[in-house]
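Working notes, structure below.
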Number of protein chains: 2
Amino acid sequence: MSNTTCACSATPDKIVYSFGGGTADGNGTMKNLLGGKGANLAEMARIGLPVPPGFTITTEVCTYYYAHGRTYPCTLDNDIKAGIAKMEEIVGNKFGDTKAMPLLVSVRSGARESMPGMMDTILNLGLNDETVVAMADATQNPRFAWDCYRRFIQMYGDVVLGVQKLPGEDHEPFETVIENLKHERYGKDILDSDMTAEDSQELVKRFKALVAERTGHEFPVCPWEQLQGAIGAVFGSWNNDRANVYRQKYGIPSEWGTAVNVQAMVFGNTGDESGSGVAFTRNPASGENVFYGEFLMNAQGEDVVAGVRTPDPVAELANVMPAAHATLSEIRQTLEQHFHDMQDFEFTIQDRKVWMLQTRNGKRTGVAAFRIACEMVEEGLIDWQTAVKRIPADQVDQLLTPIFSGNAIKEAKQIAHGLPAGPGAASGRVYLNAERCVEAADRGEKVLLVRLETSPEDLRGMIAAEGILTARGGVSSHAALVARQMGKVCVCGADALNIDYAARTITVNGETVKEGDYLSIDGTTGLVYLGKVDTAPSEIIQVLIDKTLAPEQSRAYQNFAKLMDWCSQATRMSVRTNADSPSQAEAAIAFGATGIGLCRTEHMFFEGDRIDFVRQMILATKKVDRVAAINKLLPFQKSDFKGIFKALKGLPATVRLLDPPLHEFLPQTKEQQRDLAEKFELRVEDIMRRVSELHEFNPMLGHRGCRLGIAYPEITEMQARAIIEAAIEVTEEEGFEVVPEIMVPLVAFKKELDIQKAVIDKVAAQVFEEKGKTIKYLVGTMIEIPRAAVTADQIAETAEFFSFGTNDLTQTGLGMSRDDSGAFLPKYQDLEIVKTNVFASIDQEGVGKLMEIAVELGRKTRPDIKLGICGEHGGDPASVKFCNKLGLTYVSCSPYRVPTARLAAAQAALEQA
Amino acid sequence: MSNTTCACSATPDKIVYSFGGGTADGNGTMKNLLGGKGANLAEMARIGLPVPPGFTITTEVCTYYYAHGRTYPCTLDNDIKAGIAKMEEIVGNKFGDTKAMPLLVSVRSGARESMPGMMDTILNLGLNDETVVAMADATQNPRFAWDCYRRFIQMYGDVVLGVQKLPGEDHEPFETVIENLKHERYGKDILDSDMTAEDSQELVKRFKALVAERTGHEFPVCPWEQLQGAIGAVFGSWNNDRANVYRQKYGIPSEWGTAVNVQAMVFGNTGDESGSGVAFTRNPASGENVFYGEFLMNAQGEDVVAGVRTPDPVAELANVMPAAHATLSEIRQTLEQHFHDMQDFEFTIQDRKVWMLQTRNGKRTGVAAFRIACEMVEEGLIDWQTAVKRIPADQVDQLLTPIFSGNAIKEAKQIAHGLPAGPGAASGRVYLNAERCVEAADRGEKVLLVRLETSPEDLRGMIAAEGILTARGGVSSHAALVARQMGKVCVCGADALNIDYAARTITVNGETVKEGDYLSIDGTTGLVYLGKVDTAPSEIIQVLIDKTLAPEQSRAYQNFAKLMDWCSQATRMSVRTNADSPSQAEAAIAFGATGIGLCRTEHMFFEGDRIDFVRQMILATKKVDRVAAINKLLPFQKSDFKGIFKALKGLPATVRLLDPPLHEFLPQTKEQQRDLAEKFELRVEDIMRRVSELHEFNPMLGHRGCRLGIAYPEITEMQARAIIEAAIEVTEEEGFEVVPEIMVPLVAFKKELDIQKAVIDKVAAQVFEEKGKTIKYLVGTMIEIPRAAVTADQIAETAEFFSFGTNDLTQTGLGMSRDDSGAFLPKYQDLEIVKTNVFASIDQEGVGKLMEIAVELGRKTRPDIKLGICGEHGGDPASVKFCNKLGLTYVSCSPYRVPTARLAAAQAALEQA
């Protein structure tokens with residue numbers, strides 16, 4: 001037996017970190033190891049804040065647990081015992097003590113990032129039939145002790161032992177037991193707080209019977225066994241469905257694991273001199289610098305969050321218990337001074353003493369994020385670089401989202417109000433459960449998810465909805481928290497709503513709203529309106545785009561502008577836009593774009609009568625007819641380009657030549673084909689024949705891009721002429737220089753580009769001759785075919801710039817059609833084969849590797865080659881950062897994503913520096 | 001003017017190489033510079049063979065000519081004059097001499113490789129109204145002199161001055177002039193040789209008038225101007241249409257350029273003691289070691305080739321002019337001893353003296369190539385390595401394909417032509433669908449399957465048919481692909497065929513062929529014949545596959561076997577086969593395959609009733625039904641694999657899991673869907689719905705490959721079980737070890753392979769447990785997605801082998817659908833954007849680069865990783881050589897391509913050594 005190997009060799013040195021009593025093993029920087037909660041408990045203990053003592057089991061134990069078939073390092077037991085011993089020493093009570101007040105503990109999960117969906121909390125652990133008596137004696141409060149005990153069994157039974165609603169049951173089984181008891185004893189529903197010690201004692205008995213019946217095992221009596229079970233449940237919850245869904249949405253790797261926090265209990269429910277609360281050091285919705293939050297007297301923390309009773313604003317505490325309010329106000333200052341960020345913290349007041357249970361950087365709306373960042377710079381709390389780095393780039397969207405339009409809202413009927421929990425305005429059809437909400441959204445409906453309160457099970461529905469409305473719960477409820485993080489519009493605690501899940505109706509102030517009817521909610525004011533209400537642009541849009549609001553009238557705009565200025569100081573890459581019209585170009589410039597990275601000329605082909613000429617071109621059987629049809633398009637294309645060049649006022653524009661396969665321009669239904677035949681005086685058979693000739697098995701890999709320009713050089717000639725003539729004319733008319741960048745799509749072979757460039761150069765020379773004027777222009781190519789990436793050194797001999805077409809590069813590089821991937825990509829995300837949606841965020845290891853190869857080869861041939869990206873990914877923050885790492889010259893994205901890209905580009909530059 | 005730049009700086013040092021008089025500036029190794037003809041003229045001169053003196057203008061001048069706007073290096077004129085001067089010195093006549101016999105010259109093109117399509121020859125250059133008189137005087141033969149002159153004007157007028165048949169004219173204009181004169185003077189057609197000096201003199205007059213009329217210029221009188229014109233015409237012909245078509249077909253780069261040979265004229269037409277001939281040192285059709293060729297007395301070389309008079313066999317010369325025959329026989333020996341290869345040479349006998357005008361390695365049939373190579377080794381002329389290197393690998397096919405018997409084909413009526421897609425000859429009754437094809441074959445008929453195009457549903461028909469003929473699709477269409485794998489005769493894309501499925505007729509060029517009528521197709525030439533034409537299998541097939549001929553009865557087989565043995569000695573890579581059935585495996589082994597590199601399991605899905613179970617599986621709405629249907633396939637798959645493993649007798653087999661998208665297994669027409677609904681007692685709507693659900697926009701990039709196995713692990717489970725059970729049972733029953741290599745298709749992410757490998761390992765463990773026996777097996781993957789190539793280091797952590805699926809890697813890597821590329825790929829070949837058909841021969845710069853990256857990364861992780869290729873390219877000689885360069889372990893190709901691949905692999909190894 002001397003040679004048995006033990007997995008212990010894989011055990012990290014230190015796996016349990018104690019905190020409390022003014023000191024701690026860990027600190028706030030150790031989030032990866034201790035989780036966010038654990039690290040901040042340690043940090044608070046270190047800086048002298050009143051933290052109940054406890055210890056954190058590290059995330060490495062979680063990793064170990066999954067790597068070793070759900071077993072623990074063999075040293076863990078001893079370390080836990082040592083941790084409990086330290087707590088006993090500080091608190092002065094013993095875990096499992098049956099003679100004196102026993103030490104009770106809470107067990108909480110705590111990942112690097114807060115993760116609703118994982119097991120949250122077990123409270124009052126350590127109680128059994130003997131310790132409860134000791135507690136009753138010690139506190140002189142049997143009602144309280146037995147209430148704690150029955151709550152513990154209920155929570156532990158539910159979360160650890162899995163005693164939950166079975167299919168077919170209407171209610172949670174423990175709640176049913178409570179309800180039955182209330183009706184037996186009182187003939188009606190009474191408040192939990194009105195139950196007596198005897199009631200709780202009876203509930204304990206019935207709860208234990210329920211657990212035994214459902215699980216086949218007695219409820220664990222031994223506090224150590226209870227503790228082991230709770231720790232196992234935390235680690236197990238890391239891989240439950242809800243947690244996986246959440247991780248997937250937020251791109252959290254499963255390898256991170258969670259920590260477990262075991263902490264001495266403090267009680268907010270010992271009586272009227274106790275309470276619990278959740279607070280923010282600033283308003284997380286607006287960003288205003290006020291002490292913000294809510295509390296409930298004689299309640300435990302989960303009562304505040306659960307939304308059963310609606311809590312009071314934290315300002316009210318100044319009246320109820322001025323000393324505690326003063327302590328908390330002081331703590332609020334300490335927290336911001338120490339953490340240099342807005343904090344979201346939980347506290348408990350036990351018999352007038354304030355205890356801190358948690359602090360973390362507070363989630364905030366985009367509006368708040370901008371305001372807080374700007375004001376903290378003004379206050380000297382942070383520097384501007386930190387301000388820029390701190391704002392999640394994908395939150396910028398929230399500043400641009402619509403609000404209800406002034407007139408519409410005046411006429412709208414307000415039917416309820418709740419708490420403003422996620423800013424913006426949303427109008428949609430009401431659905432009362434997540435599943436139907438998702439179905440309706442899949443059908444293309446705009447939907448609102450309306451619930452009494454939300455829970456992690458509703459996550460998918462929340463993702464699908466335009467907005468979320470709840471009847472219960474405060475600004476720290478689940479609904480509010482998640483909505484803020486997602487940037488969803490949210491109103492919560494609108495308690496006038498009477499929601500009948502069975503009938504699928506909401507009655508409110510005499511109105512009845514059925515599922516499928518419209519409601520409208522304003523997450524900035526908390527108001528709820530009947531029916532559909534038109535929305536209007538956000539303040540930033542009003543200032544920048546609509547110009548209906550002066551900059552000085554909008555604080556939101558001013559914060560936005562300040563942040564964007566800082567971004568410009570920090571950034572290395574520039575941000576261009578994908579725009580096909582002057583108005584799009586103007587909007588993008590207003591948002592700070594420094595040019596057009598992708599102007600898709602084919603979008604212009606669909607406007608007005610032009611499509612007729614396009615169709616004539618495609619249907620022509622002789623070159624002379626084709627050329628004639630194409631040339632009819634010339635004046636339109638030229639005037640389009642002139643409009644765009646004028647809007648750009650000299651900023652650069654990359655114009656892509658015709659890209660999509662020709663069949664996209666022909667009508668596909670028989671009826672449309674008949675109409676067209678009549679219009680063009682053709683035989684419908686000829687049109688059908690042409691449609692069938694152009695049919696492709698894999699159009700994505702077919703006759704498109706430069707392959708069209710090579711088959712029909714007359715198209716390239718017309719487009720080149722339109723671009724060059726427009727550039728010369730605008731240069732002459734407007735007096736600024738226009739340097740068009742002509743981009744050849746779908747190049748896979750250098751020679752394709754050579755041939756197209758020769759056509760462009762020939763036409764340019766002709767136009768120069770005709771106009772008696774010469775301008776500068778560039779010819780470059782998309783890199784959107786893997787072959788182009790790996791032969792970029794050759795292509796760069798001809799190409800003066802590259803622009804990564806990551807949409808197609810993803811499709812070809814992964815062999816995955818965007819249009820067809822719906823059949824398997826969701827499963828791929830579930831299985832973590834792909835970490836993100838590869839069509840939204842660049843697959844850095846695969847597609848990114850091809851880009852890296854192309855950048856390296858391209859630069860080898862042409863060291864100063866201009867490099868950009870114009871795929872959808874250009875507006876995705878993670879992709880923008882990746883592009884910065886590759887050293888691209890610019891990213892290009894849709895106009896409304898420009899601020900996001902600017903922020904991401906600035907952050908990338910600051911992070912790299 | 002002191003600073004003008006001159007293109008002369010780009011002129012190579014030496015651009016004109018003289019030869020003759022027993023010496024030469026160049027030699028036989030200088031083919032790139034002097035062209036094949038020029039180098040060999042020089043070589044012959046060096047070794048003392050009787051070569052008329054002359055000089056060669058190098059290919060570099062051609063390159064210069066095109067690089068500098070069709071101008072020449074300024075030194076060229078002087079060099080030409082010096083060259084002529086040397087010739088004058090050797091011959092003793094002066095160019096343009098009007099007093100004595102003038103020096104006349106021929107001007108010929110001569111590229112590195114012989115290229116029909118380029119300008120061939122101008123003879124008798126230097127004649128004009130004065131020199132012709134000098135010649136007549138000197139030779140005392142005015143008839144001869146004037147005949148030479150009129151031939152010169154005709155040839156020069158046609159080739160250099162472009163006086164050719166106009167649209168609407170029935171005959172060549174010079175021929176019309178001759179005909180008219182004959183009728184005027186003799187009232188009938190007489191032989192050219194019967195024309196008098198006066199006739200020729202008159203023709204000269206009329207020819208000059210014709211030239212002046214057609215070109216607007218007088219015929220050039222000055223010999224130097226004539227020479228300049230002829231040289232220009234040679235260089236110009238390098239880029240004419242015919243030359244371009246030829247280059248494209250044979251992959252000759254346009255950068256090579258042609259040389260020009262100017263040589264002193266010798267005359268085979270001075271009278272009965274003169275003559276011309278073309279000969280081979282061995283028989284180029286059979287390879288027999290005999291002096292072979294033909295000659296004409298009193299004729300110039302082009303008369304032999306033109307076929308106006310039927311020449312005599314060269315053996316006859318022994319009777320006509322024994323001394324010349326003896327000289328030529330001696331020259332024949334010298335040539336083979338010197339060049340160590342079969343030579344194809346031209347000679348002229350002028351007044352009993354033999355002159356050599358050209359020699360080159362002779363083109364030969366595949367059969368001859370094998371025989372000559374083997375016999376030259378026996379004779380000690382070459383070593384076996386040279387024998388292996390010398391045979392064009394793509395000629396091997398010719399030894400394996402059935403052939404039309406010689407007499408039958410002469411009488412057959414050709415009615416259409418298509419692409420030669422599967423070599424050999426086949427004759428059979430026509431059927432227009434697979435089912436009727438199978439029925440007829442079952443009745444014992446020889447059948448041809450004729451379709452617009454084929455799909456996997458036609459597979460049984462293709463198996464049953466002697467040959468396959470399609471109206472659409474190229475050499476890489478489904479029909480062609482499958483035909484090559486099966487070794488079936490195939491002609492595809494014969495677009496003159498009008499196929500009427502309803503009427504069951506084919507109309508083509510006025511003929512109507514009904515189902516059941518005979519057609520005959522030649523897959524080596526692409527020709528289609530009416531009616532039945534007798535065929536015979538090749539001898540090699542009779543020996544190896546049919547076993548109807550003993551090895552010792554076939555010299556062709558013996559040569560083949562000897563060569564293949566040498567290949568085995570030389571090769572580094574092994575050659576496997578793509579085979580889906582025991583008979584395919586057996587054929588491949590007979591051809592020397594050392595295992596299966598690709599067994600496509602889905603091909604088995606179409607056989608017999610299995611397709612029903614496959615369809616039940618696809619149509620199942622519940623997993624339990626799907627699993628039930630899948631499990632019905634298990635016994636079939638297992639017995640398939642057992643058959644294959646038995647046939648392999650312990651050689652390795654790579655089995656690919658299900659690859660194609662499921663919709664390929666469902667019927668696509670409404671009628672078939674109705675039938676299926678009836679059969680399965682389903683509603684036709686449900687079938688249509690499923691078909692529509694499975695419809696994909698880009699099926700190539702859709703839900704297929706391992707994406708199926710991940711969505712439906714039960715398919716992978718069934719296939720893994722069938723493979724492992726079969727392997728165990730065959731190991732037990734046959735006593736040899738079976739080590740299956742299980743291949744997961746379409747992997748793009750390492751995790752896909754991880755997931756599929758986990759399923760396979762789980763099933764294998766179950767089977768081992770059930771059977772109480774363990775075997776070795778490998779799990780690996782296709783590399784057929786660019787992402788897989790660039791992340792091969794990650795994938796190799798799991799994969800025990802890679803097999804390059806170059807079909808799909810070409811489609812994804814180039815973003816080019818094989819099925820749709822017909823719309824633009826031909827133009828791409830015209831424009832030399834692609835040098836070869838990328839679906840037939842690996843695009844080495846692009847797809848090859850991806851392969852190179854994958855090989856490098858894969859080996860970094862797993863240095864001993866087994867690397868193969870199983871795309872169609874595995875049987876293409878150039879691709880095989882590329883694979884050898886990459887260091888692959890093996891190539892895999894269709895059974896009938898195995899000998900080709902073995903030869904190419906051996907050549908690659910020898911060339912690399």
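Quick note on naming: the chains in the structure tokens go A, B, ... in the order shown, residues restart at 1 in each chain, and ligands are numbered from 1 in order of appearance.
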Tell me as a ChimeraX atom specification which residues belonging to chain A come within 8 Å of chain B, counting only C-alpha atoms. /A:696-703,707,711,748-749,751-752,785-788,790-791,811-817,819-821,823-824,827,833-834,845-847,849-850
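Once chain B is fitted to chain A over the full set of C-alpha atoms, matched in order, the RMSD stands at 8.2 Å.
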Nearest to B:Gly650: which of B:Val614, B:Glu671, B:Thr731, B:His603 is it, counting only C-alpha atoms?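 Among the listed residues, B:Thr731 lies closest to B:Gly650.
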Please provide the set of residues having any atom within 10 Å of A:Ala561, restricted to only C-alpha atoms, with same-chain residues fewer than 6 positions apart removed, written as a ChimeraX atom specification. /A:370,540,551,555,567,591-592
Same residues, all heavy atoms, saved as a CSV table (one decimal), in the first residue's frame:
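The resulting result05.csv:
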```csv
chain,number,residue,atom,x,y,z
A,370,PHE,N,-22.3,56.5,-16.7
A,370,PHE,CA,-21.6,57.7,-17.2
A,370,PHE,C,-21.6,58.8,-16.2
A,370,PHE,O,-20.6,59.5,-16.0
A,370,PHE,CB,-22.4,58.2,-18.5
A,370,PHE,CG,-21.9,57.5,-19.8
A,370,PHE,CD1,-22.3,56.2,-20.1
A,370,PHE,CD2,-21.1,58.2,-20.6
A,370,PHE,CE1,-21.8,55.6,-21.2
A,370,PHE,CE2,-20.6,57.6,-21.8
A,370,PHE,CZ,-21.0,56.3,-22.1
A,540,ILE,N,-29.5,62.0,-25.7
A,540,ILE,CA,-28.3,62.1,-26.5
A,540,ILE,C,-28.7,62.1,-28.0
A,540,ILE,O,-28.1,62.9,-28.8
A,540,ILE,CB,-27.4,60.8,-26.3
A,540,ILE,CG1,-27.3,60.6,-24.8
A,540,ILE,CG2,-26.1,60.9,-27.0
A,540,ILE,CD1,-26.2,60.9,-24.1
A,551,PRO,N,-27.3,71.1,-26.1
A,551,PRO,CA,-26.4,70.3,-25.3
A,551,PRO,C,-26.5,70.7,-23.8
A,551,PRO,O,-26.5,69.8,-22.9
A,551,PRO,CB,-25.0,70.6,-25.8
A,551,PRO,CG,-25.2,71.0,-27.3
A,551,PRO,CD,-26.6,71.6,-27.3
A,555,ARG,N,-27.9,66.9,-19.0
A,555,ARG,CA,-26.8,66.4,-18.2
A,555,ARG,C,-26.3,65.1,-18.8
A,555,ARG,O,-25.1,64.9,-18.9
A,555,ARG,CB,-27.2,66.3,-16.8
A,555,ARG,CG,-26.1,65.7,-15.9
A,555,ARG,CD,-26.7,65.3,-14.6
A,555,ARG,NE,-27.1,66.4,-13.7
A,555,ARG,CZ,-26.2,67.0,-12.9
A,555,ARG,NH1,-25.0,66.6,-12.8
A,555,ARG,NH2,-26.6,68.0,-12.1
A,567,CYS,N,-12.2,59.3,-24.4
A,567,CYS,CA,-11.9,58.2,-25.3
A,567,CYS,C,-11.0,58.6,-26.4
A,567,CYS,O,-10.1,57.9,-26.8
A,567,CYS,CB,-13.2,57.6,-25.9
A,567,CYS,SG,-14.2,56.7,-24.7
A,591,PHE,N,-21.8,60.8,-33.9
A,591,PHE,CA,-21.3,59.9,-32.8
A,591,PHE,C,-19.8,59.8,-32.7
A,591,PHE,O,-19.3,59.0,-31.9
A,591,PHE,CB,-21.9,58.5,-32.9
A,591,PHE,CG,-23.4,58.4,-32.6
A,591,PHE,CD1,-24.3,57.8,-33.5
A,591,PHE,CD2,-23.9,59.0,-31.5
A,591,PHE,CE1,-25.6,57.7,-33.2
A,591,PHE,CE2,-25.3,58.9,-31.2
A,591,PHE,CZ,-26.1,58.3,-32.1
A,592,GLY,N,-19.1,60.5,-33.6
A,592,GLY,CA,-17.7,60.5,-33.5
A,592,GLY,C,-17.0,59.6,-34.5
A,592,GLY,O,-15.8,59.3,-34.4
```
Surrounding residues of B:Phe267 excluding itself and chain neighbours under 6 positions, 10 Å, only C-alpha atoms, as a ChimeraX atom specification: /B:123-124,144,148,274-276,298-301,348-351,355
Residue contacts of B:Ile80 (10 Å, only C-alpha atoms) excluding same-chain residues fewer than 4 positions away, as a ChimeraX atom specification: /B:15-18,55-57,75-76,84-86,224,227-228,262
